[in-house]
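A.B. asks: Next up, run.cif (mmCIF, C-alpha atoms).
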```cif
data_my_file
#
loop_
_atom_site.label_atom_id
_atom_site.label_comp_id
_atom_site.auth_asym_id
_atom_site.auth_seq_id
_atom_site.Cartn_x
_atom_site.Cartn_y
_atom_site.Cartn_z
CA MET V 1 24.60 54.03 13.41
CA SER V 2 22.38 50.91 13.52
CA SER V 3 20.09 51.99 10.69
CA PRO V 4 22.81 52.36 8.00
CA THR V 5 24.29 49.04 9.07
CA LYS V 6 20.97 47.25 8.68
CA PHE V 7 20.41 48.88 5.31
CA SER V 8 23.88 47.87 4.10
CA VAL V 9 23.20 44.28 5.18
CA ILE V 10 19.89 44.26 3.28
CA GLU V 11 21.62 45.86 0.30
CA SER V 12 24.33 43.18 0.26
CA ARG V 13 21.71 40.43 0.46
CA PHE V 14 19.83 41.87 -2.50
CA ALA V 15 23.13 42.21 -4.39
CA LYS V 16 23.92 38.53 -3.75
CA LEU V 17 20.40 37.53 -4.82
CA ARG V 18 20.67 39.63 -7.99
CA SER V 19 23.96 38.00 -8.99
CA ASN V 20 22.80 34.51 -8.05
CA LYS V 21 22.86 32.22 -11.10
CA LEU V 22 19.79 30.33 -9.96
CA PHE V 23 17.84 33.59 -9.63
CA GLU V 24 19.00 34.73 -13.09
CA SER V 25 17.93 31.39 -14.56
CA PHE V 26 14.52 31.71 -12.93
CA VAL V 27 14.11 35.23 -14.36
CA ILE V 28 14.96 33.90 -17.83
CA PHE V 29 12.39 31.11 -17.33
CA VAL V 30 9.72 33.67 -16.39
CA ILE V 31 10.55 35.77 -19.48
CA VAL V 32 10.18 32.71 -21.73
CA PHE V 33 6.97 31.74 -19.93
CA SER V 34 5.72 35.30 -20.42
CA ALA V 35 6.31 34.94 -24.17
CA LEU V 36 4.30 31.70 -24.15
CA VAL V 37 1.46 33.42 -22.30
CA ILE V 38 1.43 36.21 -24.88
CA GLY V 39 1.33 33.60 -27.65
CA ALA V 40 -1.57 31.80 -25.95
CA LYS V 41 -3.66 34.98 -26.16
CA THR V 42 -3.51 34.89 -29.96
CA TYR V 43 -5.47 31.61 -30.08
CA ASP V 44 -9.21 31.15 -29.81
CA ILE V 45 -9.33 29.76 -26.27
CA PRO V 46 -12.26 29.23 -23.85
CA ASP V 47 -13.17 31.99 -21.41
CA SER V 48 -11.94 29.98 -18.42
CA VAL V 49 -8.52 29.52 -20.00
CA SER V 50 -8.48 33.18 -21.04
CA ASN V 51 -9.15 34.25 -17.45
CA ALA V 52 -6.38 31.94 -16.21
CA VAL V 53 -3.99 33.42 -18.77
CA ALA V 54 -4.92 36.94 -17.62
CA VAL V 55 -4.20 36.00 -13.98
CA LEU V 56 -0.86 34.47 -14.99
CA ASP V 57 -0.01 37.63 -16.87
CA TRP V 58 -0.59 39.74 -13.74
CA PHE V 59 1.50 37.34 -11.65
CA ILE V 60 4.31 37.65 -14.22
CA THR V 61 4.03 41.45 -14.14
CA GLY V 62 4.19 41.39 -10.33
CA PHE V 63 7.29 39.17 -10.43
CA PHE V 64 9.01 41.52 -12.87
CA LEU V 65 8.21 44.45 -10.58
CA VAL V 66 9.76 42.63 -7.61
CA GLU V 67 12.78 41.67 -9.73
CA ILE V 68 13.36 45.30 -10.75
CA CYS V 69 13.16 46.36 -7.10
CA ILE V 70 15.69 43.68 -6.14
CA ARG V 71 18.10 44.82 -8.82
CA PHE V 72 17.67 48.46 -7.77
CA LEU V 73 18.08 47.81 -4.05
CA GLY V 74 21.07 45.57 -4.72
CA GLU V 75 22.89 48.39 -6.50
CA GLU V 76 25.50 49.97 -4.24
CA GLN V 77 25.20 53.35 -5.97
CA LYS V 78 21.53 53.90 -6.77
CA THR V 79 22.18 56.63 -9.34
CA ARG V 80 24.39 54.25 -11.33
CA PHE V 81 21.38 51.95 -11.84
CA PHE V 82 19.74 54.43 -14.21
CA ARG V 83 22.96 55.11 -16.12
CA SER V 84 22.41 51.80 -17.91
CA GLY V 85 20.09 52.03 -20.88
CA TRP V 86 18.98 48.44 -20.33
CA ASN V 87 17.93 49.19 -16.75
CA ILE V 88 15.88 52.15 -17.97
CA PHE V 89 14.33 49.98 -20.69
CA ASP V 90 13.42 47.23 -18.19
CA THR V 91 11.95 49.74 -15.74
CA ILE V 92 9.79 51.42 -18.39
CA ILE V 93 8.52 48.07 -19.70
CA VAL V 94 7.61 46.85 -16.21
CA MET V 95 6.04 50.13 -15.07
CA VAL V 96 3.87 50.45 -18.18
CA SER V 97 2.82 46.80 -17.80
CA VAL V 98 1.53 47.57 -14.30
CA ILE V 99 -0.81 50.32 -15.58
CA PRO V 100 -4.32 48.81 -16.10
CA ILE V 101 -5.02 49.96 -19.67
CA ASP V 102 -6.36 46.69 -21.11
CA ASP V 103 -9.95 47.96 -21.16
CA SER V 104 -9.16 51.44 -22.45
CA GLU V 105 -8.35 52.94 -25.82
CA LEU V 106 -4.67 52.28 -25.12
CA ALA V 107 -5.21 48.52 -24.84
CA ILE V 108 -3.14 47.88 -27.96
CA VAL V 109 -0.25 49.82 -26.37
CA GLY V 110 -0.46 47.58 -23.31
CA ARG V 111 -0.33 44.46 -25.49
CA LEU V 112 2.68 45.80 -27.39
CA ILE V 113 4.49 46.58 -24.13
CA ARG V 114 3.87 43.04 -22.92
CA ILE V 115 5.26 41.71 -26.19
CA PHE V 116 8.41 43.79 -25.70
CA ARG V 117 8.96 42.09 -22.34
CA VAL V 118 10.59 39.29 -24.32
CA LEU V 119 13.39 41.77 -25.15
CA ARG V 120 14.29 41.76 -21.44
CA MET V 121 16.11 38.54 -22.27
CA VAL V 122 18.79 40.73 -23.84
CA SER V 123 19.30 42.75 -20.65
CA ILE V 124 19.59 39.59 -18.55
CA ILE V 125 22.02 37.57 -20.72
CA PRO V 126 25.43 39.30 -21.21
CA GLU V 127 26.16 37.43 -24.45
CA LEU V 128 23.00 38.81 -26.06
CA ARG V 129 23.92 42.30 -24.90
CA MET V 130 27.33 41.88 -26.51
CA LEU V 131 25.72 40.82 -29.80
CA LEU V 132 23.33 43.77 -29.82
CA ASN V 133 26.03 46.25 -28.81
CA SER V 134 28.26 44.90 -31.58
CA LEU V 135 25.48 45.35 -34.11
CA LEU V 136 24.82 48.93 -32.97
CA LYS V 137 28.52 49.80 -33.05
CA ALA V 138 28.80 48.33 -36.55
CA MET V 139 25.98 50.52 -37.88
CA PRO V 140 28.20 53.47 -38.95
CA GLN V 141 30.42 51.17 -41.02
CA LEU V 142 27.44 49.24 -42.35
CA GLY V 143 25.87 52.51 -43.46
CA TYR V 144 28.52 53.04 -46.14
CA VAL V 145 28.13 49.47 -47.39
CA VAL V 146 24.35 49.89 -47.56
CA LEU V 147 24.78 53.19 -49.43
CA LEU V 148 27.08 51.54 -51.98
CA MET V 149 24.64 48.65 -52.29
CA PHE V 150 21.79 51.09 -52.96
CA ILE V 151 23.82 52.75 -55.71
CA ILE V 152 24.39 49.36 -57.37
CA PHE V 153 20.71 48.53 -56.93
CA TYR V 154 19.65 51.81 -58.50
CA ILE V 155 21.96 51.47 -61.50
CA TYR V 156 20.81 47.92 -62.22
CA ALA V 157 17.16 48.90 -61.67
CA ALA V 158 17.48 51.74 -64.18
CA VAL V 159 19.11 49.41 -66.72
CA GLY V 160 16.46 46.74 -66.15
CA SER V 161 13.60 49.21 -66.48
CA THR V 162 15.09 50.54 -69.72
CA PHE V 163 15.55 47.18 -71.45
CA PHE V 164 13.01 44.85 -69.86
CA ALA V 165 9.93 47.05 -69.36
CA THR V 166 8.45 45.94 -72.68
CA ILE V 167 8.93 42.29 -71.73
CA ASN V 168 7.12 42.36 -68.38
CA GLU V 169 5.47 45.57 -67.26
CA ASP V 170 4.66 44.12 -63.82
CA LEU V 171 8.31 43.45 -63.02
CA TRP V 172 10.19 46.19 -64.84
CA GLY V 173 7.57 48.88 -65.50
CA ASP V 174 9.30 51.61 -63.47
CA ILE V 175 12.26 52.10 -61.19
CA THR V 176 10.35 51.07 -58.06
CA LEU V 177 9.13 47.80 -59.56
CA SER V 178 12.62 47.12 -60.86
CA LEU V 179 14.08 47.59 -57.37
CA LEU V 180 11.56 45.10 -55.95
CA THR V 181 12.35 42.64 -58.74
CA LEU V 182 16.07 42.95 -58.09
CA PHE V 183 15.49 42.34 -54.38
CA ARG V 184 13.67 39.17 -55.40
CA VAL V 185 16.66 38.20 -57.54
CA MET V 186 19.10 38.93 -54.71
CA THR V 187 17.15 36.66 -52.32
CA PHE V 188 17.03 33.90 -55.02
CA GLU V 189 13.21 33.82 -54.97
CA ASP V 190 12.44 32.18 -58.37
CA TRP V 191 14.99 34.46 -59.96
CA THR V 192 15.65 32.03 -62.80
CA ASP V 193 12.06 32.51 -64.01
CA VAL V 194 12.74 36.25 -64.33
CA MET V 195 16.03 35.60 -66.12
CA TYR V 196 14.64 33.06 -68.60
CA GLU V 197 11.81 35.45 -69.47
CA THR V 198 14.22 38.21 -70.50
CA MET V 199 16.61 35.77 -72.20
CA LYS V 200 13.92 35.01 -74.78
CA VAL V 201 14.35 38.57 -76.07
CA TYR V 202 17.91 39.30 -74.92
CA PRO V 203 19.88 36.00 -74.95
CA PHE V 204 22.87 37.52 -73.13
CA SER V 205 20.80 39.08 -70.35
CA TRP V 206 22.05 36.30 -68.05
CA ALA V 207 25.20 38.41 -67.58
CA TYR V 208 23.02 41.16 -66.09
CA TYR V 209 21.68 38.82 -63.41
CA ILE V 210 24.95 37.01 -62.69
CA THR V 211 26.91 40.21 -62.15
CA PHE V 212 24.15 41.68 -59.99
CA ILE V 213 24.03 38.56 -57.80
CA PHE V 214 27.83 38.58 -57.52
CA PHE V 215 27.87 42.19 -56.29
CA THR V 216 24.93 41.97 -53.89
CA ALA V 217 24.48 38.41 -52.63
CA PHE V 218 28.19 37.60 -52.44
CA ALA V 219 30.46 40.66 -52.28
CA PHE V 220 28.33 43.04 -50.20
CA LEU V 221 26.95 40.29 -47.96
CA ASN V 222 30.46 39.10 -47.12
CA MET V 223 31.49 42.69 -46.43
CA ILE V 224 28.60 43.10 -43.98
CA ILE V 225 29.43 39.81 -42.25
CA GLY V 226 33.11 40.77 -42.02
CA ILE V 227 32.31 44.15 -40.44
CA VAL V 228 29.93 42.61 -37.87
CA VAL V 229 32.37 39.83 -36.97
CA ASN V 230 35.23 42.33 -36.58
CA VAL V 231 33.17 44.54 -34.26
CA MET V 232 32.05 41.46 -32.28
CA GLU V 233 35.67 40.44 -31.76
CA GLN V 234 36.53 43.94 -30.53
CA GLU V 235 33.53 43.95 -28.19
CA HIS V 236 34.45 40.51 -26.82
CA ARG V 237 38.05 41.62 -26.32
CA SER V 238 36.93 44.73 -24.42
CA MET V 239 34.65 42.62 -22.20
CA VAL V 240 37.53 40.26 -21.40
CA GLU V 241 39.85 43.17 -20.64
CA GLU V 242 37.19 44.77 -18.42
CA GLY V 243 36.74 41.48 -16.57
CA LEU V 244 40.49 41.13 -16.07
CA GLU V 245 40.70 44.72 -14.85
CA ASN V 246 37.93 44.11 -12.30
CA GLU V 247 39.65 40.94 -11.14
CA GLY V 248 42.93 42.84 -10.84
CA GLN V 249 41.27 45.51 -8.71
CA GLU V 250 39.74 42.86 -6.46
CA LEU V 251 43.12 41.13 -6.10
CA ALA V 252 44.78 44.44 -5.30
CA ALA V 253 42.17 45.15 -2.63
CA ILE V 254 42.68 41.67 -1.14
CA LYS V 255 46.48 42.15 -1.14
CA ALA V 256 46.07 45.50 0.58
CA GLU V 257 43.86 43.95 3.26
CA LEU V 258 46.32 41.07 3.75
CA ALA V 259 49.20 43.53 4.05
CA GLU V 260 47.24 45.52 6.62
CA ILE V 261 46.47 42.36 8.61
CA LYS V 262 50.12 41.29 8.38
CA GLY V 263 51.23 44.65 9.68
CA MET V 264 48.82 44.43 12.59
CA LEU V 265 50.09 40.94 13.43
CA ASN V 266 53.72 42.11 13.30
CA THR V 267 52.84 44.96 15.60
CA LEU V 268 51.23 42.60 18.08
CA VAL V 269 54.17 40.15 17.90
CA ASN V 270 56.83 42.83 18.33
CA GLN V 271 54.94 44.56 21.11
CA PRO V 272 56.96 44.12 24.39
CA SER V 273 55.18 42.09 26.99
CA LYS V 274 54.49 43.72 30.34
#
```
Would you mind writing the file out in structure tokens?
C.D. replies:
Amino acid sequence: MSSPTKFSVIESRFAKLRSNKLFESFVIFVIVFSALVIGAKTYDIPDSVSNAVAVLDWFITGFFLVEICIRFLGEEQKTRFFRSGWNIFDTIIVMVSVIPIDDSELAIVGRLIRIFRVLRMVSIIPELRMLLNSLLKAMPQLGYVVLLMFIIFYIYAAVGSTFFATINEDLWGDITLSLLTLFRVMTFEDWTDVMYETMKVYPFSWAYYITFIFFTAFAFLNMIIGIVVNVMEQEHRSMVEEGLENEGQELAAIKAELAEIKGMLNTLVNQPSK
């Protein structure tokens, strides 16, 4: 009976450490520092500094390995740890980072994995997870907006290629070039130069550009923003409701314990003295 008790004590300590705000802040600091170390490798630095950066990188990898172990050991139900996609992502990133492949043909894979360690910031900060989950949940609705936007793009590209190809072959020579030109217009990258060039031949071609910008840069962009904001509000509401539900369960458990203690006290008080 002593062994399970000791393990449960260790498990509770790891759980407290995992949920400690100071520990979470330190993990975030290490992730940011890891990003800075990765950025330092892209510069032309002396060999001594390069060796120091390599040592720091291994220390960071070792810390992430310890942090993953703490989070795993602090989980009351170990199988539930791997039900979270973020936990699986963190574990894969850390485990691959431990493999010494810097001097092999897979060195570029090791560098990419270390770059992706910055994404662990999302798994640590709940607000970032909410943003990413909202974006993923909004994808099905955004797909229809993107499809409609592509249809508008294609129609305008076909019209532009038909009328403006003789004016500028580089911009309107075929449907592909027309799509790239329209993307330039939508992002307002010197779009007036493109418009003034066609207006020399077609004076009313400004209507072509104005209507296209209205549909894409204003109407569709606002639709996308509205969908994402709506999904974010739903995700935030569900997180609040989940938090309230967990608090309610904790309060119910506390009330049950208090009622049990009260009953025991009543029993002791009402027990006849000998």
A.B. asks: Run through the PyMOL selection byres ((chain V and resi 235) around 12) on the given coordinates and return the selected residues as a ChimeraX atom specification.
C.D. replies: /V:126-138,228-234,236-242
A.B. asks: When you draw a straight line from atom CA of Ala158 of chain V to atom CA of Tyr208 of chain V, how long is it in Å?
C.D. replies: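 Computing the Euclidean distance for atom CA of Ala158 of chain V and atom CA of Tyr208 of chain V yields 12.1 Å.
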A.B. asks: Fewer than 6 positions away in the same chain doesn't count, so skip those; otherwise give me all residues within 12 Å of Met223 of chain V, counting all atoms listed in the file, as a list in words.
C.D. replies: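 Counting all atoms listed in the file, the residues come to Ala138, Gln141, Leu142, Gly143, Tyr144, Val145, Val146, Leu148, Met149, Phe215, Thr216, Ala217, Val229 and Asn230 of chain V.
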A.B. asks: Within 12 Å of Phe23 of chain V, counting only C-alpha atoms, which residues qualify if same-chain residues fewer than 4 places away don't, as an mmCIF file with C-alpha atoms, keeping the file's coordinate frame?
C.D. replies:
```cif
data_model
loop_
_atom_site.group_PDB
_atom_site.id
_atom_site.type_symbol
_atom_site.label_atom_id
_atom_site.label_comp_id
_atom_site.auth_asym_id
_atom_site.auth_seq_id
_atom_site.Cartn_x
_atom_site.Cartn_y
_atom_site.Cartn_z
ATOM 1 C CA PHE V 14 19.830 41.870 -2.500
ATOM 2 C CA ALA V 15 23.130 42.210 -4.390
ATOM 3 C CA LYS V 16 23.920 38.530 -3.750
ATOM 4 C CA LEU V 17 20.400 37.530 -4.820
ATOM 5 C CA ARG V 18 20.670 39.630 -7.990
ATOM 6 C CA SER V 19 23.960 38.000 -8.990
ATOM 7 C CA VAL V 27 14.110 35.230 -14.360
ATOM 8 C CA ILE V 28 14.960 33.900 -17.830
ATOM 9 C CA PHE V 29 12.390 31.110 -17.330
ATOM 10 C CA VAL V 30 9.720 33.670 -16.390
ATOM 11 C CA PHE V 63 7.290 39.170 -10.430
ATOM 12 C CA GLU V 67 12.780 41.670 -9.730
ATOM 13 C CA ILE V 70 15.690 43.680 -6.140
ATOM 14 C CA ARG V 71 18.100 44.820 -8.820
ATOM 15 C CA ILE V 124 19.590 39.590 -18.550
#
```
A.B. asks: Name the residues that the PyMOL selection byres ((chain V and resi 177) around 12) pulls out of this structure, and write them as an MDAnalysis selection string.
C.D. replies: chainID V and resid 153:154 156:158 160:161 164:165 168:176 178:184
A.B. asks: Kindly give the distance, in Å, that separates atom CA of Tyr43 of chain V and atom CA of Leu56 of chain V, rounded to a single decimal.
C.D. replies: 16.0 Å
A.B. asks: Work out how far atom CA of Trp191 of chain V is from atom CA of Leu221 of chain V, in Å to one decimal.
C.D. replies: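 Answer for the atom CA of Leu221 of chain V to atom CA of Trp191 of chain V separation: 17.9 Å.
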A.B. asks: Under the rule that only C-alpha atoms are counted, which of V:Ile155, V:Ala256, V:Val53, V:Val194 is the nearest residue to Ser34 of chain V?
C.D. replies: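 Closest to Ser34 of chain V of all the choices is V:Val53.
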A.B. asks: On this structure, which residues satisfy the PyMOL selection byres ((chain V and resi 39) around 12), written as a list of chain:residue names?
C.D. replies: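 Checked against the file, the PyMOL selection byres ((chain V and resi 39) around 12) matches V:Val32, V:Phe33, V:Ser34, V:Ala35, V:Leu36, V:Val37, V:Ile38, V:Ala40, V:Lys41, V:Thr42, V:Tyr43, V:Asp44, V:Ile45, V:Ser50, V:Val53, V:Asp57, V:Arg111, V:Arg114, V:Ile115, V:Val118.
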A.B. asks: Out of V:Leu65, V:Leu119, V:Ala252, V:Ile125, which residue has the shortest atom-to-atom distance to Val98 of chain V when counting only C-alpha atoms?
C.D. replies: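 Among the listed residues, V:Leu65 lies closest to Val98 of chain V.
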A.B. asks: What's around Phe72 of chain V at 8 Å? Count only C-alpha atoms, leave out sequence neighbours fewer than 4 positions away in its own chain, and write the answer as number ranges by chain.
C.D. replies: V: 68, 78, 81
A.B. asks: Of the residues V:Ala253, V:Ile261, V:Ile92, V:Ile60, which is the one nearest to Ile31 of chain V, using only C-alpha atoms?
C.D. replies: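 Once distances to Ile31 of chain V are computed over only C-alpha atoms, the minimum belongs to V:Ile60.
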